[in-house]
Amino acid sequence: MVETIVLVGNPNVGKSVIFGRLTGTYAVVSNYPGTTVDISRGAMTLAGRRYEVIDTPGTDALLPSSEDEQVTRDVIMRVRPAAVIQVADAKNLRRALLLTFELIECGVPLILALNMHDEAVSRGIRIDAPRLENILGVPVIATIGITGEGIPELKKRLPHARHGNFNATYPPEIERLLTETAAGFGAPAPCARAAAAMLVSGDRTVFRYVAGALPDGFIGRLERKVADFVRPPRLLIFETKNMYAAQITGEVITSQGTPAESRLARLGALCMRPFPGYLIVLAVLFIMYEFVGVFAAGTLVNLLENHLFGRYVIPLAGTLINGAIPSEIVREFLMGPYGLVSMALTYAAAIVLPVVAAFFLFFGLLEDSGYLPRLSVMLDRLFRTFGLNGKAVLPMVLGLGCGTMAALGTRILETRKERLLALLLLSLTIPCSAQLGIILGLLAGLSWQAGLIWFVSITGSLVAVGAAANRVLPGHRSPFILEIPPLRRPDFGNVVTKVKMRLVWYVREAVPLFALGTAILFFSDKLHMLSVLERVARPVVVSAMGLPAQVTPTFILGFLRRDYGAAGLFVMAQDGLLDARQVVVSAVAITLFIPCVAQCFVVIREQGMKIAIALFAFVIIYAIGYSSLLNMVLKTFHPLILAPLGRG
């Protein structure tokens, strides 16, 4: 029988790195809370025995206030693991102990890994691990996940994970209530004391684990008892745990003075001040534009598309296919205008791949350096204008990489309103990296005013729609509480591994959709469906938006893959089928248009079919309406953006 080991920890403590060290299976690592939205699984062999290792989402408590925390709690209560490894930030032991107490209450075999030990030492923090182990009654190991230091000792002591012997004693009235609640379980319940504490604290999501053990009327009687308290039991329980955490921290931590502030520490502090913090934000965005939009979407795409594929790959493939396949329809399916090789392979490998790789590399550097949380702090005020907080920066920036990943990332937001707002703005205004790079390359052939018009259109829509939706949608914004990790030099190996894993995802998930989209276009063309769609869409595309009817298929492609549709516009512009005004209007329209099919499926799963349909309908209507209005304005002022197309 394969036993299970579960990794648990606060957000941003290097838990996924430890997971990778134990299993050899890498989950994407981030210095920002919430990267591991779904659980990751891996296998480990230790002393001849095989274990399944589960990496759970970061959580601050087993009493859930978000979906991530509920997932972690559910894994522990359902799996009943052979051992739980709590990964803690050695620099913030007090915060970690609040979770440690809850794990001990759950009665699971526990081992505590004090990770990022080197950063604690650099700050003059010394933790007496043996004394802490004696107090808690569980093994305590100092680790440095990135370098692997302490991992052999962690593996060695893993079979000796123990039930903790530290019991937090609550005020007498809370103790009586917990005892009565646990005693009221008519049958044994998992984590009885912890489950009682959750019920007393108002958590009803734990009800599924104890429902079969509760007599009739139990919850009603419990709620009446809780209502008799002047101060909420949840607050009293937290205050007690916080008091114990402070006491233990004082006993086991010694500070050896304040170390001299490093250059990186000073830079990290400057990144969060209005000046020069906002200048640094602009500099980071400009560098990203130059690297992704100019270098990748311009230089690399030109090298791959026009030289490698245009001169060698496609001609060679055409020669081989024409010589080996007698069927004309099959040859056309592979090498025609909508061919799997001539179109899908070229778009996926020569146009989209270099842009995606460049963005993943840049995003990985921001993650590993610890700058992303600082970006959240700087943009918190802006996000507040449309009902979100700085924590929403992660899914928004992830959206610049992949909208599907970003839609899943909205789970880190605490309220339903925030998640719906984020999904709306991701669907409407946030282009994925491949689409963004192609659009930037498309606009690069015009004057700078063209890029400015596109940028103002998208950011203006982001703010205006976000602010309006914030007023219309019911609910509230959660408080913004975020731990800021130290700024550090990115680890090159770590960044490369992240890029590699994300590119593997791209090849497995995105490239097949390119082939599917091409096949749909091919058969639609053969069945004359494209011409029918062009006629149906002509009043909108041609009359209102001022675009040629041939643009219609690119919007269909944009639904299959956003970047695929943008690539179609890119090719049309290169072929001289779009003038300057049409390039700008189509770039805005394809950005605002309905998200790709994969992202649509995630939105449906997250919000339900009715809300998703309403969201998509609004996005389509807004995209058409705004693009039509922009077309009317540019017909009057088009000389401002008129410039030769092409990349030279």
# chains A, B, ... in the order shown; residues from 1 in each chain; ligands from 1

call {"tool": "closest_atom_pairs", "arguments": {"of": "segment 232-289 of chain A", "to": "segment 363-367 of chain A", "cutoff": "12 Å", "atoms": "only C-alpha atoms", "output": "CSV"}}
result
residue,atom,partner,partner_atom,distance
A:Val281,CA,A:Leu366,CA,11.6
A:Val284,CA,A:Leu366,CA,9.3
A:Leu285,CA,A:Phe363,CA,11.2
A:Ile287,CA,A:Phe363,CA,11.7
A:Met288,CA,A:Phe363,CA,9.0

call {"tool": "write_last_selection", "arguments": {"atoms": "C-alpha atoms", "output": "mmCIF file, in the first residue's frame"}}
result
data_model
loop_
_atom_site.group_PDB
_atom_site.id
_atom_site.type_symbol
_atom_site.label_atom_id
_atom_site.label_comp_id
_atom_site.auth_asym_id
_atom_site.auth_seq_id
_atom_site.Cartn_x
_atom_site.Cartn_y
_atom_site.Cartn_z
ATOM 1 C CA VAL A 281 7.085 49.955 -12.551
ATOM 2 C CA VAL A 284 9.843 47.133 -15.877
ATOM 3 C CA LEU A 285 6.889 47.440 -18.274
ATOM 4 C CA ILE A 287 11.732 46.469 -20.637
ATOM 5 C CA MET A 288 9.023 43.835 -21.042
#

call {"tool": "select_by_dssp", "arguments": {"residues": "segment 226-331 of chain A", "states": "helix (DSSP H, G or I)", "output": "PDB file with C-alpha atoms, in the first residue's frame"}}
result
ATOM      1  CA  VAL A 226     -22.064  30.669  20.186  1.00  0.00           C
ATOM      2  CA  ALA A 227     -24.534  33.579  20.086  1.00  0.00           C
ATOM      3  CA  PRO A 233     -15.277  32.348  19.742  1.00  0.00           C
ATOM      4  CA  ARG A 234     -13.301  32.514  16.477  1.00  0.00           C
ATOM      5  CA  LEU A 235     -11.566  35.665  17.726  1.00  0.00           C
ATOM      6  CA  LEU A 236     -10.880  34.185  21.170  1.00  0.00           C
ATOM      7  CA  ILE A 237      -9.365  31.054  19.603  1.00  0.00           C
ATOM      8  CA  PHE A 238      -7.129  33.140  17.334  1.00  0.00           C
ATOM      9  CA  GLU A 239      -5.974  35.389  20.163  1.00  0.00           C
ATOM     10  CA  THR A 240      -5.026  32.361  22.262  1.00  0.00           C
ATOM     11  CA  LYS A 241      -2.999  30.804  19.441  1.00  0.00           C
ATOM     12  CA  ASN A 242      -1.349  34.116  18.697  1.00  0.00           C
ATOM     13  CA  MET A 243      -0.347  34.478  22.365  1.00  0.00           C
ATOM     14  CA  TYR A 244       1.242  31.010  22.390  1.00  0.00           C
ATOM     15  CA  ALA A 245       3.004  31.716  19.087  1.00  0.00           C
ATOM     16  CA  ALA A 246       4.506  34.899  20.551  1.00  0.00           C
ATOM     17  CA  GLN A 247       5.641  33.085  23.701  1.00  0.00           C
ATOM     18  CA  ILE A 248       7.295  30.216  21.838  1.00  0.00           C
ATOM     19  CA  THR A 249       8.935  32.570  19.347  1.00  0.00           C
ATOM     20  CA  GLY A 250      10.419  34.533  22.220  1.00  0.00           C
ATOM     21  CA  GLU A 251      11.811  31.340  23.751  1.00  0.00           C
ATOM     22  CA  VAL A 252      13.482  29.858  20.668  1.00  0.00           C
ATOM     23  CA  ARG A 263      21.893  46.811  -1.666  1.00  0.00           C
ATOM     24  CA  LEU A 264      19.104  44.449  -2.661  1.00  0.00           C
ATOM     25  CA  ALA A 265      17.252  45.208   0.582  1.00  0.00           C
ATOM     26  CA  ARG A 266      17.511  48.944  -0.084  1.00  0.00           C
ATOM     27  CA  LEU A 267      16.348  48.444  -3.667  1.00  0.00           C
ATOM     28  CA  GLY A 268      13.456  46.320  -2.441  1.00  0.00           C
ATOM     29  CA  ALA A 269      12.358  49.133  -0.131  1.00  0.00           C
ATOM     30  CA  LEU A 270      12.638  51.718  -2.921  1.00  0.00           C
ATOM     31  CA  PRO A 274       5.844  56.262  -4.607  1.00  0.00           C
ATOM     32  CA  PHE A 275       9.145  57.653  -5.788  1.00  0.00           C
ATOM     33  CA  PRO A 276      10.943  55.957  -7.424  1.00  0.00           C
ATOM     34  CA  GLY A 277       8.543  52.962  -7.157  1.00  0.00           C
ATOM     35  CA  TYR A 278       6.237  54.058  -9.981  1.00  0.00           C
ATOM     36  CA  LEU A 279       9.209  54.878 -12.188  1.00  0.00           C
ATOM     37  CA  ILE A 280      10.510  51.362 -11.568  1.00  0.00           C
ATOM     38  CA  VAL A 281       7.085  49.955 -12.551  1.00  0.00           C
ATOM     39  CA  LEU A 282       7.206  51.915 -15.811  1.00  0.00           C
ATOM     40  CA  ALA A 283      10.790  50.787 -16.418  1.00  0.00           C
ATOM     41  CA  VAL A 284       9.843  47.133 -15.877  1.00  0.00           C
ATOM     42  CA  LEU A 285       6.889  47.440 -18.274  1.00  0.00           C
ATOM     43  CA  PHE A 286       9.075  49.180 -20.852  1.00  0.00           C
ATOM     44  CA  ILE A 287      11.732  46.469 -20.637  1.00  0.00           C
ATOM     45  CA  MET A 288       9.023  43.835 -21.042  1.00  0.00           C
ATOM     46  CA  TYR A 289       7.724  45.665 -24.118  1.00  0.00           C
ATOM     47  CA  GLU A 290      11.196  45.844 -25.652  1.00  0.00           C
ATOM     48  CA  PHE A 291      12.022  42.228 -24.868  1.00  0.00           C
ATOM     49  CA  VAL A 292       8.681  40.587 -25.682  1.00  0.00           C
ATOM     50  CA  GLY A 293       7.082  43.031 -28.121  1.00  0.00           C
ATOM     51  CA  VAL A 294      10.116  44.234 -30.078  1.00  0.00           C
ATOM     52  CA  PHE A 295      12.833  41.596 -29.779  1.00  0.00           C
ATOM     53  CA  ALA A 296      10.706  38.427 -29.616  1.00  0.00           C
ATOM     54  CA  ALA A 297       7.721  39.502 -31.740  1.00  0.00           C
ATOM     55  CA  GLY A 298       9.921  41.411 -34.166  1.00  0.00           C
ATOM     56  CA  THR A 299      13.438  40.058 -34.490  1.00  0.00           C
ATOM     57  CA  LEU A 300      12.865  36.427 -33.475  1.00  0.00           C
ATOM     58  CA  VAL A 301       9.576  36.048 -35.349  1.00  0.00           C
ATOM     59  CA  ASN A 302      11.112  37.545 -38.479  1.00  0.00           C
ATOM     60  CA  LEU A 303      14.079  35.185 -38.212  1.00  0.00           C
ATOM     61  CA  LEU A 304      11.921  32.100 -37.711  1.00  0.00           C
ATOM     62  CA  GLU A 305       8.965  32.908 -39.960  1.00  0.00           C
ATOM     63  CA  ASN A 306      10.631  34.533 -42.946  1.00  0.00           C
ATOM     64  CA  HIS A 307      14.009  32.835 -42.920  1.00  0.00           C
ATOM     65  CA  LEU A 308      13.880  29.425 -41.232  1.00  0.00           C
ATOM     66  CA  PHE A 309      10.295  28.465 -42.103  1.00  0.00           C
ATOM     67  CA  GLY A 310       9.854  30.592 -45.236  1.00  0.00           C
ATOM     68  CA  ARG A 311      13.082  29.491 -46.923  1.00  0.00           C
ATOM     69  CA  TYR A 312      13.669  25.997 -45.565  1.00  0.00           C
ATOM     70  CA  VAL A 313      10.987  24.275 -43.472  1.00  0.00           C
ATOM     71  CA  ILE A 314       7.845  24.997 -45.519  1.00  0.00           C
ATOM     72  CA  PRO A 315       9.442  24.471 -48.985  1.00  0.00           C
ATOM     73  CA  LEU A 316      11.029  21.209 -47.821  1.00  0.00           C
ATOM     74  CA  ALA A 317       7.776  20.026 -46.241  1.00  0.00           C
ATOM     75  CA  GLY A 318       5.902  20.924 -49.426  1.00  0.00           C
ATOM     76  CA  THR A 319       8.324  18.949 -51.570  1.00  0.00           C
ATOM     77  CA  LEU A 320       8.097  15.878 -49.330  1.00  0.00           C
ATOM     78  CA  ILE A 321       4.302  15.999 -49.034  1.00  0.00           C
ATOM     79  CA  ASN A 322       3.701  16.582 -52.748  1.00  0.00           C
ATOM     80  CA  GLY A 323       5.989  13.674 -53.592  1.00  0.00           C
ATOM     81  CA  ALA A 324       4.658  11.244 -51.020  1.00  0.00           C
ATOM     82  CA  GLU A 328      -4.962  16.397 -53.684  1.00  0.00           C
ATOM     83  CA  ILE A 329      -7.393  17.015 -50.803  1.00  0.00           C
ATOM     84  CA  VAL A 330      -4.923  15.577 -48.275  1.00  0.00           C
ATOM     85  CA  ARG A 331      -2.085  17.665 -49.726  1.00  0.00           C
TER      86      ARG A 331
END

call {"tool": "residues_around", "arguments": {"residues": "segment 91-106 of chain A", "least_positions_apart": "6", "cutoff": "8 Å", "atoms": "only C-alpha atoms", "output": "ChimeraX atom specification"}}
result
/A:9-10,60-62,116-117,119-120,125,163-168,190-195,241-242,245-246,249

call {"tool": "write_last_selection", "arguments": {"atoms": "C-alpha atoms", "output": "short mmCIF file (atom, residue, chain, number, x, y, z; two decimals), in the first residue's frame"}}
result
data_model
loop_
_atom_site.label_atom_id
_atom_site.label_comp_id
_atom_site.auth_asym_id
_atom_site.auth_seq_id
_atom_site.Cartn_x
_atom_site.Cartn_y
_atom_site.Cartn_z
CA GLY A 9 2.56 25.74 4.49
CA ASN A 10 1.82 29.44 4.37
CA ASP A 60 -2.60 30.62 6.53
CA ALA A 61 -5.12 28.51 8.42
CA LEU A 62 -7.12 25.29 8.28
CA MET A 116 14.81 29.73 3.80
CA HIS A 117 17.11 29.26 6.77
CA GLU A 119 17.72 34.30 4.69
CA ALA A 120 16.88 34.15 8.40
CA ILE A 125 17.79 35.47 13.26
CA HIS A 163 1.80 13.66 16.72
CA GLY A 164 2.64 16.91 18.48
CA ASN A 165 2.39 17.07 22.27
CA PHE A 166 1.71 20.81 22.45
CA ASN A 167 -1.89 21.61 23.31
CA ALA A 168 -3.13 25.17 23.22
CA PRO A 190 -11.68 12.90 11.75
CA CYS A 191 -9.68 15.60 13.54
CA ALA A 192 -12.39 15.80 16.23
CA ARG A 193 -10.95 18.71 18.25
CA ALA A 194 -9.97 20.63 15.12
CA ALA A 195 -13.39 19.99 13.57
CA LYS A 241 -3.00 30.80 19.44
CA ASN A 242 -1.35 34.12 18.70
CA ALA A 245 3.00 31.72 19.09
CA ALA A 246 4.51 34.90 20.55
CA THR A 249 8.93 32.57 19.35
#

call {"tool": "residues_around", "arguments": {"residues": "Gly399 of chain A", "least_positions_apart": "3", "cutoff": "8 Å", "atoms": "only C-alpha atoms", "output": "CSV table (one decimal) with N, CA and C atoms, in the first residue's frame"}}
result
chain,number,residue,atom,x,y,z
A,395,PRO,N,-3.1,37.2,-11.0
A,395,PRO,CA,-3.8,36.7,-12.2
A,395,PRO,C,-3.8,37.6,-13.4
A,396,MET,N,-3.7,39.0,-13.1
A,396,MET,CA,-3.7,39.9,-14.2
A,396,MET,C,-2.4,39.8,-15.0
A,402,CYS,N,-0.9,33.6,-20.1
A,402,CYS,CA,-1.9,32.7,-20.6
A,402,CYS,C,-3.2,33.0,-19.8
A,403,GLY,N,-4.2,33.3,-20.6
A,403,GLY,CA,-5.5,33.7,-20.0
A,403,GLY,C,-6.1,32.5,-19.2
A,404,THR,N,-5.9,31.3,-19.7
A,404,THR,CA,-6.4,30.1,-19.0
A,404,THR,C,-5.8,29.9,-17.6
A,405,MET,N,-4.5,30.0,-17.6
A,405,MET,CA,-3.8,29.9,-16.3
A,405,MET,C,-4.3,31.0,-15.4
A,406,ALA,N,-4.4,32.2,-15.9
A,406,ALA,CA,-4.9,33.4,-15.1
A,406,ALA,C,-6.3,33.2,-14.6
A,407,ALA,N,-7.2,32.6,-15.4
A,407,ALA,CA,-8.5,32.4,-14.9
A,407,ALA,C,-8.5,31.4,-13.7
A,426,LEU,N,-10.1,40.0,-17.2
A,426,LEU,CA,-9.2,39.1,-18.0
A,426,LEU,C,-9.8,38.7,-19.3
A,430,ILE,N,-7.2,41.8,-21.1
A,430,ILE,CA,-5.9,41.3,-20.9
A,430,ILE,C,-5.5,40.3,-22.0
A,431,PRO,N,-4.6,40.7,-22.9
A,431,PRO,CA,-4.2,39.8,-24.0
A,431,PRO,C,-3.1,38.9,-23.4
A,432,CYS,N,-3.1,37.6,-23.9
A,432,CYS,CA,-2.0,36.7,-23.5
A,432,CYS,C,-0.7,37.1,-24.2
A,433,SER,N,0.4,36.6,-23.7
A,433,SER,CA,1.7,37.0,-24.2
A,433,SER,C,1.8,36.9,-25.7

call {"tool": "select_by_dssp", "arguments": {"residues": "segment 24-119 of chain A", "states": "strand (DSSP E or B)", "output": "list of chain:residue names"}}
result
A:Ser40, A:Arg41, A:Gly42, A:Ala43, A:Met44, A:Thr45, A:Leu46, A:Arg49, A:Arg50, A:Tyr51, A:Glu52, A:Val53, A:Ile54, A:Asp55, A:Ala83, A:Val84, A:Ile85, A:Gln86, A:Val87, A:Ala88, A:Asp89, A:Leu110, A:Ile111, A:Leu112, A:Ala113, A:Leu114, A:Asn115

call {"tool": "write_last_selection", "arguments": {"atoms": "N, CA and C atoms", "output": "tab-separated table (two decimals), in the first residue's frame"}}
result
chain	number	residue	atom	x	y	z
A	40	SER	N	-0.50	19.42	-6.52
A	40	SER	CA	0.43	18.68	-7.37
A	40	SER	C	0.77	17.36	-6.68
A	41	ARG	N	0.96	16.34	-7.47
A	41	ARG	CA	1.26	15.02	-6.92
A	41	ARG	C	2.57	14.51	-7.50
A	42	GLY	N	3.32	13.80	-6.69
A	42	GLY	CA	4.56	13.19	-7.12
A	42	GLY	C	4.83	11.94	-6.32
A	43	ALA	N	5.83	11.18	-6.72
A	43	ALA	CA	6.18	9.94	-6.03
A	43	ALA	C	7.57	10.05	-5.44
A	44	MET	N	7.77	9.38	-4.31
A	44	MET	CA	9.06	9.38	-3.65
A	44	MET	C	9.30	8.00	-3.06
A	45	THR	N	10.53	7.52	-3.19
A	45	THR	CA	10.93	6.25	-2.59
A	45	THR	C	11.89	6.54	-1.45
A	46	LEU	N	11.59	6.02	-0.29
A	46	LEU	CA	12.40	6.28	0.90
A	46	LEU	C	12.57	4.97	1.67
A	49	ARG	N	10.51	2.13	0.51
A	49	ARG	CA	9.06	2.28	0.51
A	49	ARG	C	8.67	3.43	-0.40
A	50	ARG	N	7.56	3.24	-1.12
A	50	ARG	CA	7.07	4.27	-2.03
A	50	ARG	C	6.00	5.11	-1.35
A	51	TYR	N	6.07	6.41	-1.59
A	51	TYR	CA	5.10	7.34	-1.02
A	51	TYR	C	4.54	8.21	-2.14
A	52	GLU	N	3.29	8.59	-2.00
A	52	GLU	CA	2.72	9.64	-2.84
A	52	GLU	C	2.85	10.95	-2.07
A	53	VAL	N	3.39	11.96	-2.73
A	53	VAL	CA	3.59	13.26	-2.10
A	53	VAL	C	2.63	14.26	-2.74
A	54	ILE	N	1.86	14.96	-1.92
A	54	ILE	CA	0.88	15.93	-2.39
A	54	ILE	C	1.31	17.32	-1.95
A	55	ASP	N	1.41	18.23	-2.91
A	55	ASP	CA	1.74	19.64	-2.63
A	55	ASP	C	0.44	20.43	-2.67
A	83	ALA	N	2.17	11.26	6.97
A	83	ALA	CA	2.94	12.36	7.55
A	83	ALA	C	2.57	13.65	6.85
A	84	VAL	N	2.62	14.74	7.59
A	84	VAL	CA	2.46	16.08	7.04
A	84	VAL	C	3.76	16.83	7.24
A	85	ILE	N	4.30	17.37	6.17
A	85	ILE	CA	5.47	18.24	6.26
A	85	ILE	C	4.98	19.67	6.20
A	86	GLN	N	5.12	20.39	7.30
A	86	GLN	CA	4.79	21.81	7.27
A	86	GLN	C	6.04	22.58	6.90
A	87	VAL	N	5.99	23.27	5.78
A	87	VAL	CA	7.11	24.10	5.33
A	87	VAL	C	6.87	25.51	5.85
A	88	ALA	N	7.81	26.01	6.65
A	88	ALA	CA	7.66	27.31	7.29
A	88	ALA	C	8.75	28.26	6.83
A	89	ASP	N	8.44	29.54	6.83
A	89	ASP	CA	9.43	30.57	6.56
A	89	ASP	C	10.19	30.84	7.85
A	110	LEU	N	3.44	14.89	12.20
A	110	LEU	CA	3.91	16.17	11.68
A	110	LEU	C	5.42	16.28	11.77
A	111	ILE	N	6.01	16.95	10.78
A	111	ILE	CA	7.41	17.33	10.81
A	111	ILE	C	7.49	18.77	10.31
A	112	LEU	N	8.26	19.60	10.97
A	112	LEU	CA	8.33	21.03	10.65
A	112	LEU	C	9.65	21.34	9.96
A	113	ALA	N	9.58	21.86	8.73
A	113	ALA	CA	10.77	22.26	7.97
A	113	ALA	C	10.89	23.78	8.00
A	114	LEU	N	11.94	24.28	8.65
A	114	LEU	CA	12.19	25.72	8.71
A	114	LEU	C	12.95	26.12	7.46
A	115	ASN	N	12.22	26.48	6.41
A	115	ASN	CA	12.82	26.75	5.11
A	115	ASN	C	13.36	28.18	5.04
